[in-house]
>>> print(open('entry.txt').read())   # compact mmCIF, C-alpha atoms
# COMPACT_ATOMS: atom_id res chain seq x y z
CA MET R 1 -37.10 27.20 0.01
CA GLY R 2 -37.69 28.59 3.50
CA PHE R 3 -35.08 26.21 4.88
CA LEU R 4 -32.54 27.29 2.25
CA VAL R 5 -33.13 30.97 2.99
CA TRP R 6 -32.58 30.21 6.68
CA LEU R 7 -29.46 28.17 5.83
CA GLU R 8 -27.97 31.06 3.87
CA ALA R 9 -28.49 33.31 6.90
CA THR R 10 -26.68 31.04 9.37
CA GLY R 11 -23.33 31.93 10.92
CA LEU R 12 -21.69 29.09 8.99
CA ALA R 13 -22.90 30.46 5.63
CA ASP R 14 -21.74 33.91 6.66
CA TRP R 15 -18.31 32.57 7.59
CA VAL R 16 -17.92 30.76 4.24
CA ARG R 17 -19.02 33.83 2.26
CA MET R 18 -17.36 36.64 4.17
CA SER R 19 -14.32 35.48 6.15
CA ILE R 20 -10.88 35.29 4.57
CA PRO R 21 -10.21 31.61 5.36
CA GLY R 22 -13.85 30.44 4.99
CA TYR R 23 -14.32 29.72 1.29
CA PRO R 24 -10.69 28.80 0.41
CA SER R 25 -10.33 26.39 3.35
CA MET R 26 -13.60 24.60 2.52
CA ILE R 27 -12.79 24.43 -1.21
CA ALA R 28 -9.29 23.03 -0.46
CA LEU R 29 -10.75 20.40 1.89
CA HIS R 30 -13.29 19.55 -0.81
CA ALA R 31 -10.46 18.88 -3.32
CA LEU R 32 -8.65 16.76 -0.71
CA GLY R 33 -11.71 14.66 0.07
CA MET R 34 -12.44 14.30 -3.64
CA ALA R 35 -8.94 12.99 -4.35
CA ILE R 36 -9.31 10.41 -1.56
CA MET R 37 -12.90 9.29 -2.30
CA VAL R 38 -12.90 9.40 -6.10
CA GLY R 39 -9.23 8.47 -6.50
CA LEU R 40 -9.52 5.35 -4.36
CA SER R 41 -12.94 4.47 -5.84
CA LEU R 42 -11.52 4.56 -9.37
CA VAL R 43 -8.56 2.37 -8.36
CA LEU R 44 -10.93 -0.07 -6.60
CA ASP R 45 -13.27 -0.12 -9.63
CA LEU R 46 -10.36 -0.86 -11.97
CA ARG R 47 -9.19 -3.64 -9.62
CA LEU R 48 -12.65 -5.23 -9.76
CA LEU R 49 -12.47 -5.05 -13.57
CA GLY R 50 -9.26 -7.07 -13.50
CA TRP R 51 -6.50 -4.44 -13.38
CA PHE R 52 -3.80 -4.71 -10.67
CA ALA R 53 -4.92 -8.33 -10.17
CA GLY R 54 -2.03 -9.00 -7.76
CA ILE R 55 -3.69 -6.83 -5.09
CA PRO R 56 -5.71 -9.25 -2.91
CA LEU R 57 -9.42 -8.49 -2.57
CA ALA R 58 -9.08 -8.69 1.21
CA ALA R 59 -6.69 -5.71 1.09
CA LEU R 60 -9.31 -3.61 -0.69
CA ARG R 61 -11.62 -3.65 2.32
CA ARG R 62 -9.53 -1.16 4.28
CA PHE R 63 -9.24 1.14 1.30
CA PHE R 64 -13.02 1.35 1.10
CA GLY R 65 -12.89 2.57 4.71
CA LEU R 66 -10.36 5.26 3.76
CA ALA R 67 -12.49 6.24 0.75
CA TRP R 68 -15.48 6.82 3.07
CA ILE R 69 -13.32 9.14 5.20
CA GLY R 70 -12.74 11.17 2.03
CA PHE R 71 -16.49 11.12 1.41
CA GLY R 72 -17.11 12.37 4.96
CA ILE R 73 -14.65 15.25 4.44
CA ASN R 74 -16.56 16.20 1.31
CA PHE R 75 -19.95 15.89 2.94
CA VAL R 76 -18.89 18.36 5.64
CA SER R 77 -16.98 20.80 3.39
CA GLY R 78 -19.64 20.49 0.67
CA SER R 79 -22.43 21.28 3.14
CA ALA R 80 -20.56 24.39 4.25
CA LEU R 81 -20.01 25.52 0.65
CA PHE R 82 -23.67 24.79 -0.19
CA SER R 83 -24.93 26.83 2.78
CA ALA R 84 -23.20 29.95 1.45
CA GLN R 85 -25.27 29.97 -1.78
CA ALA R 86 -28.02 27.46 -1.09
CA THR R 87 -30.84 29.22 -2.99
CA SER R 88 -28.67 29.62 -6.12
CA TYR R 89 -27.27 26.07 -6.08
CA ILE R 90 -30.67 24.42 -5.71
CA VAL R 91 -31.89 25.83 -9.05
CA ASP R 92 -28.60 25.12 -10.90
CA VAL R 93 -29.06 22.17 -13.28
CA ILE R 94 -25.33 21.38 -13.46
CA PHE R 95 -24.97 21.46 -9.67
CA MET R 96 -28.02 19.26 -9.13
CA SER R 97 -26.73 16.83 -11.80
CA LYS R 98 -23.43 16.69 -9.91
CA MET R 99 -25.21 15.97 -6.62
CA THR R 100 -27.24 13.19 -8.25
CA LEU R 101 -24.06 11.67 -9.70
CA VAL R 102 -22.25 11.85 -6.33
CA LEU R 103 -25.21 10.12 -4.67
CA LEU R 104 -25.17 7.40 -7.35
CA GLY R 105 -21.39 7.09 -6.97
CA ALA R 106 -21.74 6.60 -3.21
CA ILE R 107 -24.41 3.94 -3.78
CA THR R 108 -22.15 2.03 -6.22
CA ALA R 109 -19.29 2.24 -3.70
CA ALA R 110 -21.51 0.77 -0.97
CA ILE R 111 -22.67 -2.06 -3.27
CA LEU R 112 -19.10 -2.83 -4.41
CA GLN R 113 -17.82 -2.73 -0.83
CA THR R 114 -20.41 -5.37 0.14
CA ALA R 115 -19.41 -7.51 -2.86
CA VAL R 116 -15.69 -7.24 -2.00
CA VAL R 117 -16.24 -8.16 1.65
CA LYS R 118 -18.30 -11.18 0.55
CA SER R 119 -15.77 -12.35 -2.06
CA ALA R 120 -12.82 -11.84 0.31
CA GLY R 121 -14.64 -13.87 2.96
CA THR R 122 -15.82 -16.79 0.81
CA GLY R 123 -13.00 -16.80 -1.74
CA GLU R 124 -15.56 -16.72 -4.54
CA PRO R 125 -14.61 -14.78 -7.68
CA ILE R 126 -16.09 -11.37 -8.50
CA THR R 127 -19.33 -11.83 -10.44
CA GLY R 128 -20.13 -10.33 -13.83
CA GLY R 129 -22.80 -8.19 -12.20
CA THR R 130 -20.28 -6.69 -9.79
CA LYS R 131 -17.92 -5.96 -12.68
CA ALA R 132 -20.75 -4.21 -14.54
CA ILE R 133 -21.42 -2.01 -11.49
CA ALA R 134 -17.69 -1.20 -11.25
CA ALA R 135 -17.69 -0.12 -14.91
CA ILE R 136 -20.80 2.03 -14.36
CA ALA R 137 -19.18 3.51 -11.24
CA ILE R 138 -16.19 4.71 -13.29
CA VAL R 139 -18.52 6.53 -15.71
CA ILE R 140 -20.45 8.03 -12.77
CA TRP R 141 -17.32 9.34 -11.03
CA LEU R 142 -15.87 10.82 -14.23
CA SER R 143 -19.21 12.57 -14.87
CA ALA R 144 -19.45 13.77 -11.25
CA ILE R 145 -15.96 15.35 -11.42
CA THR R 146 -16.71 17.02 -14.74
CA THR R 147 -20.09 18.44 -13.70
CA GLY R 148 -18.58 19.47 -10.34
CA ARG R 149 -15.85 21.43 -12.08
CA LEU R 150 -18.34 23.03 -14.47
CA THR R 151 -20.41 24.21 -11.50
CA ALA R 152 -17.81 26.96 -11.13
CA TYR R 153 -18.82 28.39 -14.50
CA LEU R 154 -22.51 28.83 -13.81
CA MET N 1 11.42 35.55 -17.65
CA ASP N 2 9.30 38.39 -19.05
CA ALA N 3 10.52 37.47 -22.52
CA VAL N 4 9.43 33.85 -22.00
CA MET N 5 5.97 34.95 -20.85
CA ASP N 6 5.68 37.40 -23.77
CA TRP N 7 6.50 34.52 -26.11
CA MET N 8 4.04 32.15 -24.39
CA VAL N 9 1.06 34.39 -25.12
CA THR N 10 1.95 34.53 -28.83
CA THR N 11 1.91 30.74 -29.26
CA PRO N 12 -0.93 28.66 -30.75
CA ILE N 13 -1.16 26.91 -27.35
CA ASN N 14 -2.26 30.22 -25.81
CA MET N 15 -4.88 30.59 -28.56
CA LEU N 16 -6.16 27.09 -27.98
CA VAL N 17 -6.37 27.48 -24.19
CA ILE N 18 -8.05 30.89 -23.96
CA GLY N 19 -9.46 31.32 -27.47
CA TYR N 20 -12.51 29.12 -26.90
CA ALA N 21 -15.09 29.15 -24.10
CA TRP N 22 -14.89 25.36 -23.68
CA SER N 23 -11.13 24.86 -23.64
CA TRP N 24 -10.24 26.10 -20.13
CA PRO N 25 -13.09 24.19 -18.37
CA THR N 26 -12.22 21.06 -20.39
CA LEU N 27 -8.55 21.26 -19.34
CA GLU N 28 -9.64 21.83 -15.73
CA SER N 29 -11.93 18.79 -15.76
CA LEU N 30 -9.08 16.65 -17.15
CA HIS N 31 -6.70 18.12 -14.53
CA PHE N 32 -9.15 17.17 -11.75
CA LEU N 33 -9.84 13.66 -13.12
CA ALA N 34 -6.14 12.87 -13.42
CA LEU N 35 -5.38 14.29 -9.97
CA CYS N 36 -7.92 11.82 -8.58
CA THR N 37 -6.31 8.80 -10.26
CA LEU N 38 -2.83 10.08 -9.32
CA MET N 39 -3.74 10.50 -5.64
CA GLY N 40 -5.74 7.26 -5.55
CA SER N 41 -2.85 5.18 -6.89
CA LEU N 42 -0.33 7.04 -4.69
CA LEU N 43 -2.40 6.40 -1.56
CA VAL N 44 -2.35 2.64 -2.14
CA MET N 45 1.37 2.57 -3.09
CA ASP N 46 2.62 4.89 -0.34
CA LEU N 47 0.52 3.36 2.42
CA ARG N 48 1.94 -0.10 1.56
CA LEU N 49 5.47 1.39 1.54
CA ILE N 50 4.80 2.90 4.97
CA GLY N 51 3.63 -0.46 6.28
CA PHE N 52 -0.15 -0.58 6.03
CA GLN N 53 -1.95 -3.39 4.20
CA ARG N 54 1.08 -5.64 4.27
CA MET N 55 -0.90 -8.47 2.69
CA ILE N 56 -0.29 -6.74 -0.67
CA PRO N 57 2.83 -8.07 -2.43
CA LEU N 58 5.13 -5.23 -3.61
CA GLN N 59 4.95 -6.40 -7.23
CA ALA N 60 1.19 -5.83 -7.10
CA VAL N 61 1.70 -2.37 -5.62
CA HIS N 62 4.13 -1.66 -8.43
CA SER N 63 1.43 -2.49 -11.00
CA LEU N 64 -0.23 0.82 -10.02
CA MET N 65 2.80 2.80 -11.19
CA PRO N 66 1.70 3.14 -14.86
CA LEU N 67 -1.63 4.64 -13.74
CA ALA N 68 0.21 7.15 -11.53
CA ILE N 69 2.63 8.07 -14.31
CA VAL N 70 -0.09 8.49 -16.97
CA SER N 71 -2.13 10.57 -14.50
CA PHE N 72 0.85 12.82 -13.79
CA ALA N 73 1.51 13.16 -17.54
CA ILE N 74 -2.09 14.32 -18.11
CA ASN N 75 -1.72 16.87 -15.31
CA PHE N 76 1.64 18.02 -16.61
CA ILE N 77 0.23 18.61 -20.10
CA THR N 78 -2.98 20.32 -18.94
CA GLY N 79 -0.94 22.32 -16.39
CA VAL N 80 1.43 23.56 -19.11
CA GLY N 81 -1.71 24.54 -21.03
CA PHE N 82 -2.91 26.74 -18.13
CA LEU N 83 0.55 28.31 -17.89
CA PHE N 84 0.61 29.19 -21.61
CA GLY N 85 -2.95 30.51 -21.31
CA ASP N 86 -2.25 32.94 -18.44
CA PRO N 87 1.51 33.09 -17.68
CA TYR N 88 1.61 36.55 -16.03
CA THR N 89 -1.01 35.64 -13.42
CA TYR N 90 0.72 32.42 -12.44
CA ALA N 91 4.21 33.93 -12.32
CA ALA N 92 3.00 36.67 -9.96
CA ASN N 93 1.39 34.20 -7.55
CA TYR N 94 3.66 32.78 -4.83
CA ALA N 95 1.33 29.79 -4.35
CA PHE N 96 2.12 28.73 -7.91
CA TRP N 97 5.85 28.68 -7.11
CA VAL N 98 5.24 26.76 -3.87
CA LYS N 99 3.22 24.21 -5.86
CA MET N 100 5.95 23.87 -8.51
CA SER N 101 8.64 23.50 -5.81
CA LEU N 102 6.60 20.75 -4.14
CA ILE N 103 6.31 18.94 -7.50
CA VAL N 104 10.11 19.12 -7.88
CA LEU N 105 10.54 17.76 -4.33
CA ALA N 106 8.06 14.97 -5.09
CA GLY N 107 10.06 14.19 -8.25
CA LEU N 108 13.34 14.00 -6.30
CA ASN N 109 11.63 11.79 -3.74
CA PHE N 110 10.49 9.54 -6.59
CA LEU N 111 14.09 9.35 -7.86
CA VAL N 112 15.19 8.15 -4.40
CA TYR N 113 12.40 5.56 -4.53
CA PHE N 114 13.33 4.46 -8.04
CA THR N 115 17.10 4.17 -7.45
CA LYS N 116 17.42 3.25 -3.76
CA VAL N 117 14.14 1.76 -2.56
CA GLU N 118 12.46 -0.13 -5.38
CA PRO N 119 15.40 -2.48 -6.16
CA LYS N 120 15.48 -3.55 -2.49
CA ILE N 121 11.75 -4.05 -1.97
CA ILE N 122 10.28 -5.18 -5.27
CA HIS N 123 10.71 -8.86 -4.33
CA LEU N 124 8.93 -8.45 -0.97
CA GLY N 125 5.91 -10.71 -0.68
CA PRO N 126 2.78 -10.49 1.46
CA ASN N 127 3.30 -9.52 5.11
CA GLU N 128 6.96 -8.66 4.70
CA PRO N 129 7.95 -5.36 6.36
CA THR N 130 9.51 -2.52 4.37
CA PRO N 131 12.84 -0.90 5.39
CA PRO N 132 12.91 2.52 7.13
CA LEU N 133 13.98 4.36 3.95
CA ALA N 134 10.90 2.99 2.12
CA LYS N 135 8.68 4.22 4.94
CA ALA N 136 10.29 7.67 4.85
CA VAL N 137 9.88 7.89 1.06
CA GLY N 138 6.21 6.87 1.39
CA VAL N 139 5.48 9.51 4.03
CA LEU N 140 7.29 12.24 2.08
CA SER N 141 5.45 11.29 -1.11
CA LEU N 142 2.06 11.74 0.57
CA VAL N 143 3.17 15.01 2.23
CA PHE N 144 4.51 16.49 -1.02
CA TRP N 145 1.59 15.40 -3.24
CA PHE N 146 -1.15 16.44 -0.82
CA GLY N 147 0.77 19.73 -0.55
CA VAL N 148 0.70 20.04 -4.35
CA LEU N 149 -3.05 19.41 -4.30
CA SER N 150 -3.70 21.94 -1.52
CA TYR N 151 -1.56 24.72 -2.99
CA GLY N 152 -3.02 24.03 -6.41
CA ARG N 153 -6.57 24.41 -5.16
CA LEU N 154 -5.71 27.48 -3.04
CA LEU N 155 -3.83 29.12 -5.90
CA PRO N 156 -6.67 31.47 -6.93
CA TYR N 157 -7.10 32.68 -3.34
CA LEU N 158 -3.46 33.15 -2.34
CA GLY N 159 -0.83 35.59 -3.47
CA THR N 160 -1.42 38.86 -5.25
CA GLY N 161 -1.70 37.48 -8.77
CA GLY N 162 -5.39 36.77 -8.56
CA GLY N 163 -6.42 33.86 -10.76
>>> encode(input="entry.txt", output="structure tokens")
Amino acid sequence: MGFLVWLEATGLADWVRMSIPGYPSMIALHALGMAIMVGLSLVLDLRLLGWFAGIPLAALRRFFGLAWIGFGINFVSGSALFSAQATSYIVDVIFMSKMTLVLLGAITAAILQTAVVKSAGTGEPITGGTKAIAAIAIVIWLSAITTGRLTAYL
Amino acid sequence: MDAVMDWMVTTPINMLVIGYAWSWPTLESLHFLALCTLMGSLLVMDLRLIGFQRMIPLQAVHSLMPLAIVSFAINFITGVGFLFGDPYTYAANYAFWVKMSLIVLAGLNFLVYFTKVEPKIIHLGPNEPTPPLAKAVGVLSLVFWFGVLSYGRLLPYLGTGGG
């Protein structure tokens, strides 16, 4: 808790809380990064489940890279937003559920990225296990978005 | 326009959107989910139009269109719900009108794609370059839609309408 109290007292936290552009600019960037990371992840997950089958697996590799840029934008903007109210967020069940879901979503994306790179390289088809992870990833992302949105109400 | 807004708040839609604690957050969650699938499918389609990832055949890119259209439909319906729930606040906020104008521009850009670009490119296979007009339409699409997203998210913080 000492770290969170310190975090809330930093210049960054102050800027997010008090300045005119602070909170809105970080929240807008957070929506932008979300659209890139979650939007592309959902499209990639659906592709692995057999939708849009004409898109070659090899082409997906680059889009994973773009998705991680979105994730990076959200890591930075999310850290700034968190700093402003760190001690409140850390005890918020909905917020902590969202963070857990985002972490799980990122892990599924990393696993699926590895599977896509392997399949694109060897020409082997996507395995049933990979498809199962893609299906789970869709549920995780939908839950992460919903809990993230509900964070605003608590 | 005042008469339209006065009518909006008397409709059952207004009741449904603001009459229950769960309805507004539910609509917002749906709005966010569909904006993700809209932007995700647009990124793949527009980047291929612009010239990235040329290994993707255009027919395959086109297979993303239903996802984009369904996503937009969800956001249109939930967005109309917000408007019926709180019309005076939105009408007084300039960011709302900027967002709506950008949606209209994105729609016109889509019409150009649908009538002028798609018929010429739909047969393009892997590694075939797209014409300049296709590239322009792809860039404009990303500019307009990311503008819609930004103004939408900034809406509560801009203008005098609050939100």
>>> atom_distance(input="entry.txt", atom1="atom CA of N:Asn109", atom2="atom CA of R:Phe52")
23.6 Å
>>> residues_around(input="entry.txt", residues="N:Leu149", least_positions_apart="4", cutoff="9 Å", atoms="all atoms listed in the file", output="PyMOL selection string")
(chain R and resi 28+31-32+35) or (chain N and resi 35+99+144-145+153-154)
>>> interface_residues(input="entry.txt", of="chain R", to="chain N", cutoff="9 Å", atoms="all atoms listed in the file", output="ChimeraX atom specification")
/R:24-25,27-29,31-32,34-43,51-56,58-60,62-63,141-142,145-150,153
>>> closest_residue(input="entry.txt", among="R:Ile140, R:Ile73, R:Leu46, R:Val5", to="R:Ala106", atoms="all atoms listed in the file")
R:Ile140
>>> closest_residue(input="entry.txt", among="N:Met100, N:Leu140, N:Met8, N:Met45", to="N:Glu118", atoms="all atoms listed in the file")
N:Met45
>>> atom_distance(input="entry.txt", atom1="atom CA of R:Gly78", atom2="atom CA of R:Met99")
10.2 Å
>>> atom_distance(input="entry.txt", atom1="atom CA of N:Asn127", atom2="atom CA of N:Val139")
19.2 Å
>>> closest_residue(input="entry.txt", among="N:Ala106, N:Leu142, N:Ala95, N:Val80", to="N:Val17", atoms="all atoms listed in the file")
N:Val80
>>> closest_residue(input="entry.txt", among="N:Tyr88, N:Ile50, N:Asp6, N:Phe72", to="N:Gly107", atoms="all atoms listed in the file")
N:Phe72
>>> residues_around(input="entry.txt", residues="R:Leu48", least_positions_apart="3", cutoff="7 Å", atoms="only C-alpha atoms", output="ChimeraX atom specification")
/R:44-45,131,134
>>> residues_around(input="entry.txt", residues="R:Ala86", least_positions_apart="6", cutoff="10 Å", atoms="only C-alpha atoms", output="ChimeraX atom specification")
/R:1,3-9,13,79-80
>>> residues_around(input="entry.txt", residues="R:Leu81", least_positions_apart="2", cutoff="10 Å", atoms="all atoms listed in the file", output="list in words")
Leu12, Ala13, Val16, Arg17, Gly22, Tyr23, Pro24, Met26, Ile27, His30, Asn74, Phe75, Val76, Ser77, Gly78, Ser79, Ser83, Ala84, Gln85, Ala86 and Tyr89 of chain R
>>> residues_around(input="entry.txt", residues="R:Lys118", least_positions_apart="5", cutoff="12 Å", atoms="only C-alpha atoms", output="MDAnalysis selection string")
chainID R and resid 57:58 60:61 111:113 123:127 130
>>> closest_residue(input="entry.txt", among="N:Ala21, N:Ala134, N:Asp2, N:Leu108", to="N:Ala91", atoms="all atoms listed in the file")
N:Asp2
